[in-house]
$ cat data.cif   # mmCIF, C-alpha atoms
data_input
loop_
_atom_site.label_atom_id
_atom_site.label_comp_id
_atom_site.auth_asym_id
_atom_site.auth_seq_id
_atom_site.Cartn_x
_atom_site.Cartn_y
_atom_site.Cartn_z
CA LYS V 13 -14.10 0.30 -28.58
CA ASN V 14 -17.46 1.67 -29.78
CA TYR V 15 -15.90 4.98 -30.89
CA GLN V 16 -12.83 3.94 -32.86
CA HIS V 17 -13.33 6.52 -35.60
CA VAL V 18 -14.02 9.66 -33.57
CA ARG V 19 -11.38 12.31 -33.02
CA ARG V 20 -9.95 12.50 -29.51
CA LEU V 21 -8.47 15.46 -27.68
CA GLY V 22 -6.89 14.90 -24.28
CA LEU V 23 -5.78 17.79 -22.04
CA THR V 24 -3.61 17.52 -18.94
CA ALA V 25 -1.12 19.67 -17.04
CA THR V 26 0.70 16.62 -15.64
CA PRO V 27 1.17 13.99 -18.36
CA TYR V 28 2.95 11.58 -16.04
CA ARG V 29 2.05 8.52 -14.01
CA LEU V 30 3.98 6.13 -11.80
CA MET V 31 4.95 3.72 -14.59
CA PRO V 32 8.30 2.44 -15.91
CA SER V 33 7.91 4.62 -18.99
CA GLY V 34 6.87 7.64 -16.91
CA ARG V 35 4.24 8.55 -19.51
CA LEU V 36 0.50 8.17 -19.38
CA LYS V 37 -0.72 4.82 -20.62
CA ALA V 38 -3.62 6.78 -22.08
CA LEU V 39 -1.20 8.36 -24.55
CA GLU V 40 -1.40 5.09 -26.48
CA MET V 41 -4.86 6.30 -27.56
CA TYR V 42 -3.38 9.30 -29.36
CA ASP V 43 -1.27 9.81 -32.45
CA ASP V 44 0.54 12.94 -31.27
CA PHE V 45 1.72 14.44 -28.01
CA VAL V 46 1.84 18.24 -28.12
CA VAL V 47 3.53 20.34 -25.42
CA ALA V 48 1.58 23.61 -25.44
CA ALA V 49 3.94 25.37 -23.03
CA THR V 50 6.72 24.35 -20.68
CA PRO V 51 6.77 25.49 -17.04
CA ARG V 52 9.67 27.79 -17.87
CA GLU V 53 7.68 29.42 -20.66
CA LEU V 54 4.65 29.83 -18.39
CA GLU V 55 6.89 31.47 -15.80
CA LYS V 56 8.24 33.96 -18.34
CA LEU V 57 4.68 34.81 -19.40
CA GLY V 58 3.66 35.41 -15.79
CA PHE V 59 1.19 32.53 -15.53
CA ILE V 60 3.15 30.82 -12.75
CA SER V 61 5.57 32.26 -10.22
CA PRO V 62 9.27 31.39 -10.06
CA ILE V 63 10.35 28.68 -7.62
CA LYS V 64 13.26 28.81 -5.20
CA ILE V 65 14.26 25.33 -4.09
CA PHE V 66 15.83 24.60 -0.73
CA ALA V 67 16.85 21.02 -0.05
CA PRO V 68 17.74 20.37 3.59
CA PRO V 69 19.54 17.07 4.29
CA THR V 70 17.41 14.13 3.20
CA PRO V 71 16.67 11.65 6.01
CA ASP V 72 18.45 8.31 5.76
CA GLY V 73 16.17 5.89 3.98
CA ALA V 74 14.00 8.47 2.25
CA GLN V 75 15.58 7.57 -1.07
CA GLY V 76 16.20 4.20 -2.63
CA GLY V 77 13.05 2.18 -2.33
CA VAL V 78 10.78 3.98 0.12
CA GLY V 79 8.66 5.20 -2.76
CA ASP V 80 4.95 5.36 -2.00
CA ASN V 81 4.81 2.61 0.61
CA LEU V 82 2.95 4.17 3.55
CA THR V 83 4.53 2.17 6.37
CA ALA V 84 8.07 2.73 5.11
CA ARG V 85 7.51 6.44 4.51
CA GLU V 86 5.97 6.98 7.94
CA ALA V 87 8.91 5.23 9.60
CA VAL V 88 11.37 7.53 7.86
CA MET V 89 9.58 10.88 7.83
CA GLY V 90 7.97 10.48 11.25
CA GLN V 91 11.24 10.32 13.16
CA ASP V 92 11.44 12.94 15.91
CA HIS V 93 14.57 14.59 14.53
CA VAL V 94 13.04 14.81 11.04
CA VAL V 95 9.83 16.41 12.33
CA GLY V 96 11.89 18.78 14.46
CA ASP V 97 14.08 19.76 11.52
CA ILE V 98 11.04 20.57 9.38
CA VAL V 99 9.65 22.95 12.00
CA GLU V 100 13.05 24.46 12.83
CA THR V 101 13.84 25.08 9.16
CA TRP V 102 10.47 26.82 8.69
CA LEU V 103 11.09 29.07 11.69
CA LYS V 104 14.56 30.02 10.46
CA ALA V 105 13.19 30.85 7.01
CA GLY V 106 10.63 33.24 8.50
CA LYS V 107 6.86 33.34 8.49
CA ALA V 108 5.05 32.51 5.27
CA SER V 109 1.72 31.10 4.14
CA THR V 110 2.63 27.44 3.86
CA ILE V 111 1.18 24.12 2.77
CA VAL V 112 2.94 21.06 4.18
CA PHE V 113 2.53 17.73 2.40
CA THR V 114 3.11 14.69 4.59
CA VAL V 115 3.08 10.94 4.09
CA SER V 116 -0.08 10.35 6.15
CA VAL V 117 -2.91 12.01 8.06
CA LYS V 118 -1.25 10.87 11.28
CA LEU V 119 1.98 12.68 10.42
CA ALA V 120 0.04 15.77 9.26
CA LYS V 121 -1.50 16.02 12.73
CA THR V 122 1.87 15.43 14.40
CA LEU V 123 3.51 18.20 12.38
CA ALA V 124 0.64 20.62 12.97
CA ASN V 125 0.97 20.05 16.71
CA LYS V 126 4.73 20.63 16.56
CA PHE V 127 4.17 23.91 14.73
CA LYS V 128 1.64 24.94 17.38
CA GLU V 129 4.11 24.10 20.16
CA ALA V 130 6.55 26.47 18.42
CA GLY V 131 3.99 29.27 18.52
CA VAL V 132 2.83 28.99 14.90
CA ASN V 133 -0.85 29.12 13.96
CA ALA V 134 -1.12 25.74 12.24
CA ALA V 135 -3.79 23.16 11.46
CA ALA V 136 -4.06 19.70 9.98
CA VAL V 137 -6.78 18.92 7.48
CA SER V 138 -7.92 15.61 6.02
CA GLY V 139 -10.86 13.88 4.44
CA TYR V 140 -11.85 12.49 7.83
CA GLU V 141 -13.14 15.89 8.96
CA PRO V 142 -16.64 17.06 8.00
CA PHE V 143 -16.78 19.31 4.96
CA ASP V 144 -17.72 22.38 7.01
CA ALA V 145 -14.71 21.89 9.29
CA ARG V 146 -12.38 21.63 6.30
CA ARG V 147 -13.93 24.70 4.69
CA ASP V 148 -13.46 26.62 7.93
CA ILE V 149 -9.75 25.74 8.12
CA ILE V 150 -9.11 26.70 4.49
CA GLY V 151 -11.09 29.93 5.00
CA LYS V 152 -8.92 30.88 7.97
CA PHE V 153 -5.84 29.98 5.94
CA ARG V 154 -6.93 32.26 3.11
CA ARG V 155 -7.54 35.11 5.57
CA GLY V 156 -4.12 34.66 7.17
CA GLU V 157 -5.50 33.47 10.51
CA ILE V 158 -3.70 30.16 9.97
CA GLN V 159 -0.14 30.26 8.63
CA VAL V 160 0.56 26.57 8.08
CA VAL V 161 -1.80 23.85 6.82
CA CYS V 162 -0.58 20.25 7.01
CA ASN V 163 -2.13 17.47 4.95
CA ALA V 164 -1.33 14.21 3.21
CA MET V 165 -3.04 14.15 -0.21
CA LEU V 166 -6.20 16.20 0.35
CA LEU V 167 -4.82 19.47 -1.03
CA THR V 168 -2.82 17.97 -3.91
CA GLU V 169 -5.24 18.93 -6.68
CA GLY V 170 -7.79 21.65 -7.34
CA LEU V 171 -7.04 23.93 -4.39
CA ASP V 172 -6.85 27.61 -5.39
CA VAL V 173 -4.81 29.47 -2.75
CA PRO V 174 -2.57 31.80 -4.76
CA HIS V 175 -1.34 33.66 -1.66
CA VAL V 176 0.73 30.60 -0.67
CA THR V 177 4.44 31.40 -0.85
CA ARG V 178 5.95 28.24 0.63
CA ILE V 179 5.52 24.53 0.00
CA VAL V 180 7.08 22.03 2.39
CA MET V 181 7.55 18.48 1.13
CA ALA V 182 7.63 16.12 4.10
CA ARG V 183 7.02 13.07 1.94
CA PRO V 184 9.05 11.23 -0.68
CA THR V 185 7.17 10.14 -3.78
CA GLU V 186 8.17 8.23 -6.86
CA SER V 187 5.31 9.81 -8.79
CA PRO V 188 6.29 12.86 -10.86
CA ALA V 189 2.59 13.76 -11.16
CA VAL V 190 2.12 13.91 -7.39
CA PHE V 191 5.30 15.93 -7.01
CA LEU V 192 4.30 18.46 -9.70
CA GLN V 193 0.73 18.78 -8.45
CA GLN V 194 1.75 19.39 -4.85
CA VAL V 195 4.44 21.92 -5.71
CA GLY V 196 1.93 23.50 -8.07
CA ARG V 197 -0.26 24.60 -5.15
CA GLY V 198 2.33 27.30 -4.48
CA VAL V 199 3.19 28.64 -7.92
CA ARG V 200 0.00 30.50 -8.79
CA PRO V 201 0.74 34.23 -9.18
CA TYR V 202 -0.47 36.70 -6.59
CA PRO V 203 0.02 40.47 -6.12
CA GLY V 204 3.33 41.11 -4.41
CA LYS V 205 4.42 37.49 -4.64
CA ALA V 206 8.02 37.30 -5.85
CA CYS V 207 8.36 33.52 -5.82
CA CYS V 208 7.32 30.27 -4.23
CA GLU V 209 9.79 28.68 -1.85
CA LEU V 210 10.00 24.90 -1.98
CA TYR V 211 11.51 23.22 1.07
CA ASP V 212 12.09 19.62 0.05
CA HIS V 213 12.87 17.50 3.12
CA ALA V 214 12.34 14.23 1.29
CA GLY V 215 14.77 14.36 -1.64
CA ASN V 216 12.11 14.61 -4.35
CA VAL V 217 14.17 17.11 -6.30
CA LEU V 218 16.93 14.51 -6.43
CA THR V 219 14.44 12.01 -7.85
CA HIS V 220 12.52 14.20 -10.29
CA GLY V 221 14.82 17.14 -10.98
CA HIS V 222 14.13 20.87 -10.91
#
$ encode --input "data.cif" --output "structure tokens"
Amino acid sequence: KNYQHVRRLGLTATPYRLMPSGRLKALEMYDDFVVAATPRELEKLGFISPIKIFAPPTPDGAQGGVGDNLTAREAVMGQDHVVGDIVETWLKAGKASTIVFTVSVKLAKTLANKFKEAGVNAAAVSGYEPFDARRDIIGKFRRGEIQVVCNAMLLTEGLDVPHVTRIVMARPTESPAVFLQQVGRGVRPYPGKACCELYDHAGNVLTHGH
């Protein structure tokens, strides 16, 4: 309120929040909303890679009210057959540098163990580990020593791993910002990278669209 007469410039790549309107409440502070470039335009210019979307059957209960309630999401996405389908689908698709987003740290660890049982070099990472341990896991991931990294929300923003060619969504979310940010970890261009594959096991594409 002390700076009512100054000019304001707000910049964001994800102008969405989990609100009935879907738009940032902060936009009320501004007179105009300018779209500098759409994702499709950025793709044509080569700033982001194309996305191929694969939507395996959505587990019963993943849609229609689960939203971002942790207990409800864990109950749905943590079912044995759902976890098994995620790993089996990944194996059928072939090896790829992959980030898996889960509903909780507990499920991230469960999925990482299931990948390991299937012979895949996988790891779970969360904010509960010391910084050096997390840095070590991400370093091995960048070098290709780890193929699959499972997490809940830790890697949603700010992680620069352009070699990633597959994103696995093992969590439903009603937030378009969370969805875009997590998928965005896989769309940074990289030499020899034709596209990013999105395997959506939670029906987010049905909620938010392509």
$ residues_around --input "data.cif" --residues "Lys107 (chain V)" --least-positions-apart "5" --cutoff "9 Å" --atoms "all atoms listed in the file" --output "list in words"
Trp102, Val132 and Gln159 of chain V
$ residues_around --input "data.cif" --residues "Val112 (chain V)" --least-positions-apart "2" --cutoff "9 Å" --atoms "only C-alpha atoms" --output "ChimeraX atom specification"
/V:110,114,120,123,160-164,178-182
$ write_last_selection --input "data.cif" --atoms "C-alpha atoms" --output "PDB file, in the coordinates of the input"
ATOM      1  CA  THR V 110       2.630  27.440   3.860  1.00  0.00           C
ATOM      2  CA  THR V 114       3.110  14.690   4.590  1.00  0.00           C
ATOM      3  CA  ALA V 120       0.040  15.770   9.260  1.00  0.00           C
ATOM      4  CA  LEU V 123       3.510  18.200  12.380  1.00  0.00           C
ATOM      5  CA  VAL V 160       0.560  26.570   8.080  1.00  0.00           C
ATOM      6  CA  VAL V 161      -1.800  23.850   6.820  1.00  0.00           C
ATOM      7  CA  CYS V 162      -0.580  20.250   7.010  1.00  0.00           C
ATOM      8  CA  ASN V 163      -2.130  17.470   4.950  1.00  0.00           C
ATOM      9  CA  ALA V 164      -1.330  14.210   3.210  1.00  0.00           C
ATOM     10  CA  ARG V 178       5.950  28.240   0.630  1.00  0.00           C
ATOM     11  CA  ILE V 179       5.520  24.530   0.000  1.00  0.00           C
ATOM     12  CA  VAL V 180       7.080  22.030   2.390  1.00  0.00           C
ATOM     13  CA  MET V 181       7.550  18.480   1.130  1.00  0.00           C
ATOM     14  CA  ALA V 182       7.630  16.120   4.100  1.00  0.00           C
TER      15      ALA V 182
END
$ resolve_selection --input "data.cif" --expression "the PyMOL selection byres ((chain V and resi 191) around 12)" --output "tab-separated table (two decimals) with C-alpha atoms, in the frame of the given file"
chain	number	residue	atom	x	y	z
V	26	THR	CA	0.70	16.62	-15.64
V	28	TYR	CA	2.95	11.58	-16.04
V	29	ARG	CA	2.05	8.52	-14.01
V	30	LEU	CA	3.98	6.13	-11.80
V	80	ASP	CA	4.95	5.36	-2.00
V	113	PHE	CA	2.53	17.73	2.40
V	114	THR	CA	3.11	14.69	4.59
V	165	MET	CA	-3.04	14.15	-0.21
V	168	THR	CA	-2.82	17.97	-3.91
V	169	GLU	CA	-5.24	18.93	-6.68
V	179	ILE	CA	5.52	24.53	0.00
V	180	VAL	CA	7.08	22.03	2.39
V	181	MET	CA	7.55	18.48	1.13
V	182	ALA	CA	7.63	16.12	4.10
V	183	ARG	CA	7.02	13.07	1.94
V	184	PRO	CA	9.05	11.23	-0.68
V	185	THR	CA	7.17	10.14	-3.78
V	186	GLU	CA	8.17	8.23	-6.86
V	187	SER	CA	5.31	9.81	-8.79
V	188	PRO	CA	6.29	12.86	-10.86
V	189	ALA	CA	2.59	13.76	-11.16
V	190	VAL	CA	2.12	13.91	-7.39
V	192	LEU	CA	4.30	18.46	-9.70
V	193	GLN	CA	0.73	18.78	-8.45
V	194	GLN	CA	1.75	19.39	-4.85
V	195	VAL	CA	4.44	21.92	-5.71
V	196	GLY	CA	1.93	23.50	-8.07
V	197	ARG	CA	-0.26	24.60	-5.15
V	210	LEU	CA	10.00	24.90	-1.98
V	212	ASP	CA	12.09	19.62	0.05
V	214	ALA	CA	12.34	14.23	1.29
V	215	GLY	CA	14.77	14.36	-1.64
V	216	ASN	CA	12.11	14.61	-4.35
V	217	VAL	CA	14.17	17.11	-6.30
V	218	LEU	CA	16.93	14.51	-6.43
V	219	THR	CA	14.44	12.01	-7.85
V	220	HIS	CA	12.52	14.20	-10.29
V	221	GLY	CA	14.82	17.14	-10.98
V	222	HIS	CA	14.13	20.87	-10.91
$ closest_residue --input "data.cif" --among "V:Lys56, V:Lys126, V:Arg19, V:Arg154" --to "Glu100 (chain V)" --atoms "only C-alpha atoms"
V:Lys126
$ atom_distance --input "data.cif" --atom1 "CA of Asp172 (chain V)" --atom2 "CA of Ile150 (chain V)"
10.2 Å
$ residues_around --input "data.cif" --residues "Gly156 (chain V)" --least-positions-apart "3" --cutoff "10 Å" --atoms "only C-alpha atoms" --output "PyMOL selection string"
chain V and resi 108-109+133+150-153+159-160+175
$ write_last_selection --input "data.cif" --atoms "C-alpha atoms" --output "PDB file, keeping the file's coordinate frame"
ATOM      1  CA  ALA V 108       5.050  32.510   5.270  1.00  0.00           C
ATOM      2  CA  SER V 109       1.720  31.100   4.140  1.00  0.00           C
ATOM      3  CA  ASN V 133      -0.850  29.120  13.960  1.00  0.00           C
ATOM      4  CA  ILE V 150      -9.110  26.700   4.490  1.00  0.00           C
ATOM      5  CA  GLY V 151     -11.090  29.930   5.000  1.00  0.00           C
ATOM      6  CA  LYS V 152      -8.920  30.880   7.970  1.00  0.00           C
ATOM      7  CA  PHE V 153      -5.840  29.980   5.940  1.00  0.00           C
ATOM      8  CA  GLN V 159      -0.140  30.260   8.630  1.00  0.00           C
ATOM      9  CA  VAL V 160       0.560  26.570   8.080  1.00  0.00           C
ATOM     10  CA  HIS V 175      -1.340  33.660  -1.660  1.00  0.00           C
TER      11      HIS V 175
END
$ closest_residue --input "data.cif" --among "V:Ala136, V:Ala25, V:Pro51, V:Val94" --to "Ile63 (chain V)" --atoms "all atoms listed in the file"
V:Pro51
$ atom_distance --input "data.cif" --atom1 "CA of Tyr140 (chain V)" --atom2 "CA of Thr122 (chain V)"
15.5 Å
$ closest_residue --input "data.cif" --among "V:Asn125, V:Thr101, V:Thr83, V:Gln91" --to "Phe66 (chain V)" --atoms "all atoms listed in the file"
V:Thr101
$ atom_distance --input "data.cif" --atom1 "CA of Glu86 (chain V)" --atom2 "CA of Ala134 (chain V)"
20.5 Å
$ axis_aligned_box --input "data.cif" --around "region 206-211 of chain V" --padding-each-side "8 Å" --output "JSON"
{"center_x": 9.4, "center_y": 30.3, "center_z": -2.4, "size_x": 20.2, "size_y": 30.1, "size_z": 22.9}
$ resolve_selection --input "data.cif" --expression "the PyMOL selection byres ((chain V and resi 46) around 12)" --output "PyMOL selection string"
chain V and resi 21-25+27+39+42-45+47-50
$ write_last_selection --input "data.cif" --atoms "C-alpha atoms" --output "short mmCIF file (atom, residue, chain, number, x, y, z; two decimals), in the coordinates of the input"
data_model
loop_
_atom_site.label_atom_id
_atom_site.label_comp_id
_atom_site.auth_asym_id
_atom_site.auth_seq_id
_atom_site.Cartn_x
_atom_site.Cartn_y
_atom_site.Cartn_z
CA LEU V 21 -8.47 15.46 -27.68
CA GLY V 22 -6.89 14.90 -24.28
CA LEU V 23 -5.78 17.79 -22.04
CA THR V 24 -3.61 17.52 -18.94
CA ALA V 25 -1.12 19.67 -17.04
CA PRO V 27 1.17 13.99 -18.36
CA LEU V 39 -1.20 8.36 -24.55
CA TYR V 42 -3.38 9.30 -29.36
CA ASP V 43 -1.27 9.81 -32.45
CA ASP V 44 0.54 12.94 -31.27
CA PHE V 45 1.72 14.44 -28.01
CA VAL V 47 3.53 20.34 -25.42
CA ALA V 48 1.58 23.61 -25.44
CA ALA V 49 3.94 25.37 -23.03
CA THR V 50 6.72 24.35 -20.68
#
$ closest_residue --input "data.cif" --among "V:Val199, V:Ala84, V:Asp97, V:Cys207" --to "Ala67 (chain V)" --atoms "all atoms listed in the file"
V:Asp97
